[in-house]
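S.K.: Just coords_33.txt, nothing more (compact mmCIF, C-alpha atoms):
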```
# COMPACT_ATOMS: atom_id res chain seq x y z
CA MET B 1 115.14 119.58 78.62
CA LEU B 2 113.57 118.44 81.75
CA ALA B 3 112.90 114.90 82.48
CA LEU B 4 110.65 114.77 85.48
CA LEU B 5 109.06 111.51 86.56
CA ALA B 6 105.66 111.70 88.23
CA CYS B 7 104.42 108.82 90.31
CA THR B 8 101.59 108.12 92.70
CA ALA B 9 102.14 108.73 96.41
CA VAL B 10 100.31 105.63 97.56
CA SER B 11 102.52 103.06 95.87
CA ALA B 12 105.04 102.63 93.09
CA GLN B 13 103.48 102.77 89.64
CA THR B 14 103.82 99.73 87.38
CA PHE B 15 103.51 100.23 83.63
CA ALA B 16 101.68 97.86 81.31
CA PRO B 17 103.43 96.78 78.12
CA ALA B 18 102.60 98.83 75.06
CA LYS B 19 101.08 97.10 72.06
CA THR B 20 102.29 99.85 69.77
CA THR B 21 104.14 103.12 70.25
CA PRO B 22 103.89 105.03 66.95
CA THR B 23 105.86 108.27 66.79
CA THR B 24 104.90 109.76 63.45
CA SER B 25 105.07 113.56 63.58
CA ARG B 26 102.14 115.83 62.88
CA PRO B 27 101.90 119.64 62.94
CA SER B 28 101.74 121.62 66.22
CA LEU B 29 101.68 119.83 69.58
CA GLN B 30 101.39 116.26 68.53
CA GLN B 31 101.02 112.93 70.22
CA THR B 32 100.99 109.30 69.31
CA THR B 33 98.09 107.08 70.26
CA PRO B 34 99.06 103.54 71.23
CA VAL B 35 96.45 100.80 71.16
CA ALA B 36 96.71 100.37 74.94
CA PRO B 37 96.12 103.51 77.04
CA ALA B 38 99.46 105.09 77.85
CA LYS B 39 100.50 106.19 81.34
CA VAL B 40 103.67 107.96 80.20
CA LEU B 41 103.83 111.24 78.32
CA LEU B 42 107.08 111.76 76.43
CA VAL B 43 107.66 115.48 75.81
CA ASP B 44 109.99 116.06 72.84
CA ASP B 45 111.35 119.59 73.35
CA ASP B 46 114.88 119.43 71.94
CA GLU B 47 114.57 122.09 69.23
CA SER B 48 115.44 119.57 66.50
CA ASP B 49 114.06 119.13 62.95
CA ASN B 50 110.70 117.74 63.95
CA ASN B 51 110.21 120.61 66.41
CA SER B 52 110.92 123.18 63.70
CA ASN B 53 109.02 121.33 60.99
CA PRO B 54 106.73 118.63 62.40
CA ALA B 55 105.73 117.56 58.90
CA SER B 56 109.27 116.33 58.26
CA GLY B 57 108.92 113.48 60.75
CA LYS B 58 112.73 113.41 61.12
CA LEU B 59 113.83 112.27 64.57
CA SER B 60 116.96 113.56 66.26
CA ALA B 61 119.43 111.42 68.20
CA SER B 62 117.71 112.52 71.43
CA ASP B 63 114.27 111.65 70.00
CA THR B 64 115.41 108.16 69.07
CA PHE B 65 117.26 107.63 72.36
CA TYR B 66 114.37 108.36 74.72
CA ARG B 67 111.83 106.46 72.64
CA LYS B 68 114.14 103.46 72.73
CA LEU B 69 114.53 103.68 76.53
CA LEU B 70 110.77 103.24 76.86
CA ASP B 71 110.37 100.77 73.99
CA ASP B 72 113.07 98.50 75.42
CA ARG B 73 111.00 98.16 78.59
CA SER B 74 107.70 97.77 76.73
CA ILE B 75 106.37 100.90 78.45
CA ALA B 76 103.37 102.39 76.67
CA TYR B 77 103.66 106.11 76.00
CA ASP B 78 102.23 109.02 74.07
CA THR B 79 104.50 111.63 72.51
CA VAL B 80 104.03 115.41 72.37
CA VAL B 81 106.36 117.34 70.07
CA VAL B 82 106.74 120.93 71.25
CA PRO B 83 107.11 123.46 68.40
CA ARG B 84 110.30 125.48 68.49
CA TYR B 85 110.28 128.33 71.03
CA ALA B 86 106.79 127.41 72.23
CA ASP B 87 105.31 126.36 75.55
CA GLY B 88 104.86 122.65 76.19
CA PRO B 89 101.61 120.74 76.77
CA PRO B 90 99.01 122.25 79.13
CA LEU B 91 98.08 120.92 82.55
CA ASP B 92 94.91 119.21 81.31
CA LYS B 93 97.07 117.15 78.95
CA LEU B 94 99.56 116.15 81.65
CA LYS B 95 96.85 115.10 84.09
CA GLY B 96 96.09 112.02 81.98
CA TYR B 97 99.50 110.50 82.77
CA SER B 98 101.27 109.17 85.83
CA LEU B 99 104.74 109.97 84.46
CA VAL B 100 105.98 112.89 82.37
CA LEU B 101 109.38 112.42 80.74
CA TRP B 102 110.55 115.78 79.34
CA TYR B 103 113.82 116.22 77.46
CA THR B 104 115.53 119.16 75.76
CA GLY B 105 118.61 117.50 74.26
CA ALA B 106 121.55 119.91 74.01
CA SER B 107 119.32 122.98 73.72
CA TYR B 108 119.93 126.03 75.93
CA GLY B 109 119.54 129.80 75.82
CA GLY B 110 116.64 131.19 73.81
CA ASN B 111 114.06 133.74 74.78
CA ARG B 112 113.71 135.34 78.21
CA ASP B 113 110.76 133.06 78.93
CA ASN B 114 113.07 130.02 78.60
CA THR B 115 111.12 128.57 75.67
CA ALA B 116 114.35 127.05 74.29
CA VAL B 117 114.16 124.65 77.22
CA VAL B 118 111.40 124.53 79.86
CA SER B 119 109.51 127.82 79.65
CA LEU B 120 108.25 129.86 82.60
CA ARG B 121 104.73 128.68 81.81
CA ASP B 122 105.97 125.09 81.64
CA GLU B 123 107.42 125.52 85.14
CA GLU B 124 103.99 126.54 86.43
CA THR B 125 102.34 123.64 84.60
CA LEU B 126 104.76 121.05 85.97
CA THR B 127 104.50 122.45 89.49
CA ARG B 128 100.70 122.18 89.45
CA TYR B 129 100.83 118.72 87.87
CA LEU B 130 103.06 117.35 90.64
CA ARG B 131 101.10 118.92 93.47
CA GLU B 132 97.63 118.21 92.12
CA THR B 133 98.11 114.69 90.77
CA GLY B 134 100.95 113.21 92.83
CA GLY B 135 102.54 112.10 89.59
CA ALA B 136 106.21 111.96 88.60
CA VAL B 137 108.27 114.18 86.32
CA MET B 138 111.67 113.43 84.85
CA LEU B 139 113.50 116.40 83.33
CA PHE B 140 116.57 115.69 81.19
CA SER B 141 117.95 119.15 80.46
CA PRO B 142 121.52 120.29 81.20
CA GLY B 143 120.66 123.57 79.47
CA TYR B 144 117.77 124.31 81.81
CA LEU B 145 120.03 124.98 84.79
CA ASN B 146 122.09 127.34 82.62
CA ASN B 147 118.95 129.34 81.82
CA ALA B 148 117.58 129.25 85.35
CA LEU B 149 120.79 130.49 87.00
CA GLY B 150 121.97 132.83 84.26
CA ALA B 151 125.43 133.34 82.83
CA GLY B 152 128.42 133.86 85.09
CA GLY B 153 131.36 132.24 86.79
CA ALA B 154 132.04 130.59 90.11
CA ALA B 155 129.78 133.07 91.91
CA LEU B 156 126.77 131.16 90.57
CA TRP B 157 127.74 128.23 92.77
CA ALA B 158 126.32 130.29 95.61
CA GLU B 159 122.63 130.01 96.39
CA LYS B 160 120.16 131.71 94.09
CA LYS B 161 116.46 132.05 94.80
CA ALA B 162 114.39 130.57 91.97
CA PRO B 163 110.97 129.09 92.87
CA PHE B 164 110.94 126.16 90.45
CA LEU B 165 114.54 125.22 91.22
CA GLN B 166 114.04 125.28 94.98
CA GLN B 167 110.45 124.14 95.44
CA VAL B 168 110.16 121.56 92.64
CA LEU B 169 113.69 120.39 91.89
CA GLY B 170 115.04 120.92 95.41
CA ILE B 171 118.11 122.80 94.12
CA LYS B 172 119.55 125.96 95.70
CA GLY B 173 122.38 126.74 93.28
CA GLY B 174 124.76 125.35 90.70
CA ARG B 175 126.70 126.01 87.52
CA GLY B 176 124.84 125.51 84.27
CA LEU B 177 126.86 123.95 81.43
CA LEU B 178 129.98 123.96 83.60
CA GLN B 179 131.70 121.48 81.28
CA ARG B 180 131.02 121.02 77.57
CA PHE B 181 132.45 118.93 74.71
CA LYS B 182 134.64 116.94 77.11
CA GLU B 183 134.09 113.27 77.90
CA GLY B 184 133.64 112.22 81.48
CA SER B 185 131.81 109.76 83.67
CA VAL B 186 129.04 109.76 86.25
CA VAL B 187 128.62 107.56 89.31
CA SER B 188 125.21 106.61 90.68
CA ILE B 189 124.33 106.42 94.37
CA SER B 190 124.49 102.64 94.04
CA GLY B 191 128.14 102.91 92.95
CA ASP B 192 127.67 102.12 89.26
CA SER B 193 129.90 104.10 86.88
CA PHE B 194 128.72 105.23 83.43
CA THR B 195 130.89 106.75 80.70
CA VAL B 196 129.59 109.93 79.05
CA ALA B 197 131.24 109.80 75.65
CA LYS B 198 131.45 112.05 72.61
CA SER B 199 128.73 111.75 70.01
CA PRO B 200 128.57 113.18 66.49
CA THR B 201 124.98 114.29 67.12
CA VAL B 202 124.55 115.28 70.81
CA GLU B 203 126.88 117.72 72.53
CA ILE B 204 128.40 116.57 75.83
CA GLN B 205 127.17 118.81 78.65
CA PHE B 206 127.58 118.73 82.43
CA SER B 207 125.74 121.12 84.75
CA ALA B 208 126.82 121.14 88.41
CA ILE B 209 124.06 121.06 91.03
CA LYS B 210 123.99 122.24 94.65
CA PRO B 211 121.08 120.28 96.20
CA GLU B 212 118.89 121.70 98.93
CA SER B 213 116.02 119.30 99.67
CA ALA B 214 116.89 117.12 96.67
CA ARG B 215 118.58 113.75 96.89
CA THR B 216 121.69 113.14 94.79
CA LEU B 217 121.31 110.46 92.10
CA PHE B 218 124.53 110.88 90.08
CA THR B 219 127.83 112.69 90.61
CA ALA B 220 130.67 113.67 88.27
CA MET B 221 134.20 114.91 88.88
CA LEU B 222 133.96 118.69 88.34
CA ASP B 223 135.30 121.97 89.73
CA PRO B 224 132.28 124.28 90.15
CA ASP B 225 133.95 127.04 92.18
CA GLY B 226 137.66 127.02 91.42
CA LYS B 227 138.46 125.10 94.61
CA GLY B 228 139.44 121.85 92.95
CA THR B 229 137.92 118.89 91.15
CA ARG B 230 135.69 116.70 93.28
CA ALA B 231 132.54 114.60 93.12
CA VAL B 232 129.70 117.05 92.37
CA THR B 233 126.00 116.31 92.00
CA VAL B 234 124.74 116.27 88.38
CA ALA B 235 121.33 114.58 88.82
CA THR B 236 118.77 114.65 91.63
CA SER B 237 115.31 113.57 92.77
CA ASN B 238 112.95 115.49 95.04
CA ALA B 239 109.58 115.10 96.74
CA VAL B 240 106.96 117.62 95.61
CA GLY B 241 103.82 117.19 97.67
CA ALA B 242 102.57 113.70 96.86
CA GLY B 243 104.63 113.59 93.67
CA ARG B 244 108.32 113.30 92.83
CA SER B 245 110.61 115.05 90.38
CA ALA B 246 113.94 114.01 88.91
CA TYR B 247 116.36 116.39 87.23
CA VAL B 248 119.27 115.18 85.09
CA GLY B 249 121.87 117.86 84.43
CA PHE B 250 124.18 115.99 82.07
CA SER B 251 123.78 114.72 78.51
CA PHE B 252 122.13 111.40 79.37
CA GLU B 253 121.98 110.47 75.68
CA ASN B 254 125.78 110.20 75.63
CA ILE B 255 126.02 107.38 78.15
CA ALA B 256 128.09 104.78 76.32
CA ASN B 257 127.62 101.80 78.64
CA ASP B 258 124.19 100.55 79.68
CA ALA B 259 122.04 103.69 79.63
CA GLY B 260 119.09 101.41 80.36
CA LYS B 261 120.54 100.52 83.74
CA ALA B 262 121.09 104.19 84.58
CA PHE B 263 117.52 104.97 83.47
CA ALA B 264 116.13 102.23 85.69
CA GLN B 265 117.84 103.82 88.69
CA ILE B 266 116.16 107.16 87.97
CA LEU B 267 112.80 105.42 87.63
CA GLN B 268 113.34 103.76 90.98
CA ALA B 269 114.28 107.09 92.59
CA VAL B 270 110.86 108.53 91.74
CA GLY B 271 109.01 105.41 92.81
CA VAL B 272 108.28 104.03 89.36
CA GLN B 273 108.52 100.30 88.71
CA ALA B 274 109.05 99.32 85.09
CA PRO B 275 109.65 96.00 83.32
CA ALA B 276 113.21 94.99 82.58
CA GLU B 277 114.53 95.53 79.10
CA SER B 278 112.71 93.24 76.69
CA ASN B 279 115.15 93.44 73.79
CA ALA B 280 118.09 91.80 75.50
CA ALA B 281 118.92 88.91 73.18
CA ALA B 282 121.31 86.06 73.85
CA PRO B 283 124.65 86.44 72.07
CA VAL B 284 124.57 85.02 68.56
CA SER B 285 127.51 82.84 67.56
CA ARG B 286 128.69 82.53 63.96
CA CYS B 287 130.29 79.14 64.65
CA ASN B 288 129.00 75.77 63.41
CA ALA B 289 127.31 73.33 65.76
CA ASP B 290 130.49 71.24 66.07
CA ASP B 291 132.58 74.34 66.86
CA GLU B 292 132.66 76.66 69.84
CA ASP B 293 133.30 80.39 70.01
CA ILE B 294 136.54 81.07 71.92
CA GLY B 295 137.39 84.77 72.06
CA GLY B 296 135.54 85.46 68.82
CA LYS B 297 137.17 82.56 66.94
CA CYS B 298 135.61 79.24 66.03
CA TRP B 299 137.50 76.17 67.32
CA PRO B 300 136.51 72.48 67.04
CA ARG B 301 134.82 71.29 70.22
CA CYS B 302 137.09 69.20 72.43
CA PRO B 303 136.50 65.40 72.27
CA ALA B 304 135.01 63.52 75.20
CA GLY B 305 137.51 63.07 78.00
CA THR B 306 139.33 66.28 77.15
CA ALA B 307 138.92 69.95 78.02
CA ARG B 308 140.10 73.30 76.67
CA ALA B 309 143.63 74.12 77.82
CA ARG B 310 144.48 77.41 79.50
CA ASP B 311 145.65 78.83 76.18
CA SER B 312 142.00 78.41 75.02
CA VAL B 313 143.26 76.64 71.88
CA ARG B 314 144.48 73.13 72.69
CA CYS B 315 142.38 70.29 74.08
CA GLU B 316 143.96 68.38 76.96
CA SER B 317 143.04 65.04 78.49
CA THR B 318 141.17 65.28 81.75
CA ALA B 319 142.62 61.92 82.92
CA PRO B 320 145.46 62.11 85.47
CA VAL B 321 148.83 62.29 83.75
CA SER B 322 151.55 59.89 85.07
CA ARG B 323 155.27 60.31 84.57
CA CYS B 324 155.89 56.58 85.13
CA ASN B 325 156.87 54.05 82.47
CA ALA B 326 154.39 51.50 81.16
CA ASP B 327 155.80 48.75 83.45
CA GLU B 328 155.54 51.01 86.50
CA GLU B 329 152.71 52.50 88.47
CA ASP B 330 152.38 55.79 90.30
CA ILE B 331 152.15 55.15 94.05
CA GLY B 332 151.90 58.34 96.06
CA GLY B 333 153.85 60.28 93.46
CA LYS B 334 156.56 57.58 93.16
CA CYS B 335 157.08 55.19 90.25
CA LEU B 336 157.25 51.58 91.51
CA PRO B 337 157.55 48.38 89.44
CA ARG B 338 154.16 46.82 88.81
CA CYS B 339 153.50 43.77 90.97
CA PRO B 340 153.96 40.41 89.18
CA ALA B 341 150.98 38.28 88.32
CA GLY B 342 149.58 36.54 91.37
CA THR B 343 150.73 39.28 93.74
CA ALA B 344 149.25 42.56 94.97
CA ARG B 345 150.45 45.76 96.54
CA ALA B 346 150.93 45.43 100.30
CA ARG B 347 149.36 47.87 102.74
CA ASP B 348 152.60 49.81 102.90
CA SER B 349 152.00 50.52 99.16
CA VAL B 350 155.58 49.48 98.45
CA ARG B 351 156.00 45.70 98.72
CA CYS B 352 154.24 43.13 96.56
CA VAL B 353 152.82 40.18 98.47
CA ALA B 354 151.27 36.94 97.37
CA GLY B 355 147.63 37.45 96.45
```
Mind converting the file's structure to structure tokens?
M.R.:
Amino acid sequence: MLALLACTAVSAQTFAPAKTTPTTSRPSLQQTTPVAPAKVLLVDDDESDNNSNPASGKLSASDTFYRKLLDDRSIAYDTVVVPRYADGPPLDKLKGYSLVLWYTGASYGGNRDNTAVVSLRDEETLTRYLRETGGAVMLFSPGYLNNALGAGGAALWAEKKAPFLQQVLGIKGGRGLLQRFKEGSVVSISGDSFTVAKSPTVEIQFSAIKPESARTLFTAMLDPDGKGTRAVTVATSNAVGAGRSAYVGFSFENIANDAGKAFAQILQAVGVQAPAESNAAAPVSRCNADDEDIGGKCWPRCPAGTARARDSVRCESTAPVSRCNADEEDIGGKCLPRCPAGTARARDSVRCVAG
């Protein structure tokens, strides 16, 4: 699955909020039609139930994940569901959008024309789209690199000539599906770390990338050539004429912590500006108004003049605490007898003198 973002060359593209983003499946290549004109085309090409039987309308984990990424930012989009082992949408369809987000889930292998992921015809279509429109393409497809480079061992880490890989993705070699079924983490160029965790529905996949003209977006600790584990590129962005592409070679759906933040960084890499997540709600407390939530437990609020102690349970007075007796006063940390009536503390703070 390729997720390539296409953006204008003149300036970063800003997306208008969507009024609706229906995703009901229909036979053949299908698309949703939001009330507001969409600028994003979401290409569902993950070989799941709705690709095999569009009438079922059943969405896979990948389908739900990528729709939510866009919905959470109120980005209007149309959806095309690619039938199983078929080419994706034609160039005329893509030209109506400034961004194409293409994903293949955990799919890989398939026919010689790569129709299980991004087909040879799809490669030609995406290449022309980027060069002719200056748009952006985001390709989320660990399995694509496996198909493009072929099966094999560490020798595949060497350069391999493949027009789409080199000219569009800016990649000169790699190892497709180098690591599978094993949890890991990725680190973005901004230093943010994201856990890639096991999922009951999407297989964990990492494909190692050897960039050529591409810029690294994310790395993971892998050993692509038997020379030791190290930080290896697993996602990139690249300039293609006036447009930009982004390729993500790991199972992005399996990010367990803040996938939205990781997605925003990919959008930024291809020059796309999108609204912040709109579904971020303030934490909801189950405590009563006269209680406060302390570590998930409800405790009575501390009375005026007191504050929560370090143990987060007791309330302690905020007034200074003196160790002196009632008939003494604390003077500089010392307890001295209070001055008798009609006298006051002298300037030396020790003696009492007539007032």
S.K.: Which one is closest to Ser245 (chain B): B:Ala326, B:Val186, B:Val100, B:Ala307? Count all atoms listed in the file.
M.R.: B:Val100
S.K.: Between B:Thr64, B:Ala256, B:Gln273, B:Arg84, which one has atoms that come closest to Asp49 (chain B), using all atoms listed in the file?
M.R.: B:Arg84
S.K.: Would you mind listing what lies within 8 Å of Asn146 (chain B) as a PyMOL selection string, with all atoms listed in the file counted and same-chain residues fewer than 3 positions away left out?
M.R.: chain B and resi 108-109+142-143+149-151+175-177+207
S.K.: Restricting the calculation to all atoms listed in the file, which member of B:Phe250, B:Leu145, B:Phe65, B:Leu169 is positioned closest to Glu183 (chain B)?
M.R.: B:Phe250
S.K.: Compare B:Val81, B:Ser48, B:Val240, B:Trp157 by their minimum atom-to-atom distance to Ser60 (chain B), counting all atoms listed in the file, and give me the closest one.
M.R.: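 Result for the nearest residue to Ser60 (chain B): B:Ser48.
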S.K.: Within 7 Å of Val353 (chain B), counting all atoms listed in the file, which residues qualify if same-chain residues fewer than 4 places away don't, as a ChimeraX atom specification?
M.R.: /B:343-346
S.K.: Give me the residues within 12 Å of Leu139 (chain B) as a compact mmCIF listing (two decimals) with C-alpha atoms, in the frame of the given file, counting all atoms listed in the file and dropping any in the same chain fewer than 4 places off.
M.R.:
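Done, and the output landed in result_0.txt:
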```
# COMPACT_ATOMS: atom_id res chain seq x y z
CA MET B 1 115.14 119.58 78.62
CA LEU B 2 113.57 118.44 81.75
CA ALA B 3 112.90 114.90 82.48
CA LEU B 4 110.65 114.77 85.48
CA LEU B 5 109.06 111.51 86.56
CA ALA B 6 105.66 111.70 88.23
CA LEU B 42 107.08 111.76 76.43
CA VAL B 43 107.66 115.48 75.81
CA ASP B 44 109.99 116.06 72.84
CA ASP B 45 111.35 119.59 73.35
CA ASP B 46 114.88 119.43 71.94
CA TYR B 66 114.37 108.36 74.72
CA LEU B 99 104.74 109.97 84.46
CA VAL B 100 105.98 112.89 82.37
CA LEU B 101 109.38 112.42 80.74
CA TRP B 102 110.55 115.78 79.34
CA TYR B 103 113.82 116.22 77.46
CA THR B 104 115.53 119.16 75.76
CA GLY B 105 118.61 117.50 74.26
CA VAL B 117 114.16 124.65 77.22
CA VAL B 118 111.40 124.53 79.86
CA ASP B 122 105.97 125.09 81.64
CA GLU B 123 107.42 125.52 85.14
CA LEU B 126 104.76 121.05 85.97
CA GLY B 143 120.66 123.57 79.47
CA TYR B 144 117.77 124.31 81.81
CA LEU B 145 120.03 124.98 84.79
CA LEU B 165 114.54 125.22 91.22
CA VAL B 168 110.16 121.56 92.64
CA LEU B 169 113.69 120.39 91.89
CA ALA B 235 121.33 114.58 88.82
CA THR B 236 118.77 114.65 91.63
CA SER B 237 115.31 113.57 92.77
CA ASN B 238 112.95 115.49 95.04
CA ARG B 244 108.32 113.30 92.83
CA SER B 245 110.61 115.05 90.38
CA ALA B 246 113.94 114.01 88.91
CA TYR B 247 116.36 116.39 87.23
CA VAL B 248 119.27 115.18 85.09
CA GLY B 249 121.87 117.86 84.43
CA PHE B 250 124.18 115.99 82.07
CA SER B 251 123.78 114.72 78.51
CA PHE B 252 122.13 111.40 79.37
CA ILE B 266 116.16 107.16 87.97
CA LEU B 267 112.80 105.42 87.63
CA VAL B 270 110.86 108.53 91.74
```
S.K.: Using Å and a single decimal, report how far CA of Ala136 (chain B) sits from CA of Gly241 (chain B).
M.R.: 10.7 Å
S.K.: Around (118.2, 110.5, 99.0) in the file's own coordinates, what residues are found within 10 Å if you use all atoms listed in the file, given back as JSON, numbers by chain?
M.R.: {"B": [189, 213, 214, 215, 216, 217, 236, 237, 238, 269]}
S.K.: For those residues, write C-alpha atoms to a file as a PDB file, in the frame of the given file.
M.R.:
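Output (again.pdb):
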```
ATOM      1  CA  ILE B 189     124.330 106.420  94.370  1.00  0.00           C
ATOM      2  CA  SER B 213     116.020 119.300  99.670  1.00  0.00           C
ATOM      3  CA  ALA B 214     116.890 117.120  96.670  1.00  0.00           C
ATOM      4  CA  ARG B 215     118.580 113.750  96.890  1.00  0.00           C
ATOM      5  CA  THR B 216     121.690 113.140  94.790  1.00  0.00           C
ATOM      6  CA  LEU B 217     121.310 110.460  92.100  1.00  0.00           C
ATOM      7  CA  THR B 236     118.770 114.650  91.630  1.00  0.00           C
ATOM      8  CA  SER B 237     115.310 113.570  92.770  1.00  0.00           C
ATOM      9  CA  ASN B 238     112.950 115.490  95.040  1.00  0.00           C
ATOM     10  CA  ALA B 269     114.280 107.090  92.590  1.00  0.00           C
TER      11      ALA B 269
END
```
S.K.: One decimal, Å: what's the distance from CA of Ile209 (chain B) over to CA of Gly174 (chain B), could you say?
M.R.: 4.4 Å
S.K.: Within 9 Å of (126.9, 110.0, 91.4) (coordinates as in the file), grab all the protein and nucleic acid residues, counting only C-alpha atoms, and write them out as a PyMOL selection string.
M.R.: chain B and resi 186-193+216-220+231-235
S.K.: To one decimal place, how far is CA of Ser56 (chain B) from CA of Ser119 (chain B) in Å?
M.R.: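 Between CA of Ser56 (chain B) and CA of Ser119 (chain B) the gap is 24.3 Å.
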S.K.: Looking at B:Ala276, B:Ala86, B:Leu336, B:Met221, which one is nearest to Arg73 (chain B), with distances taken over all atoms listed in the file?
M.R.: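 The shortest atom-to-atom distance to Arg73 (chain B) comes from B:Ala276.
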S.K.: For each of B:Leu178, B:Leu130, B:Val40, B:Cys335, take the minimum atom-to-atom distance to Ser98 (chain B), counting all atoms listed in the file, then give the residue where this is smallest.
M.R.: B:Val40
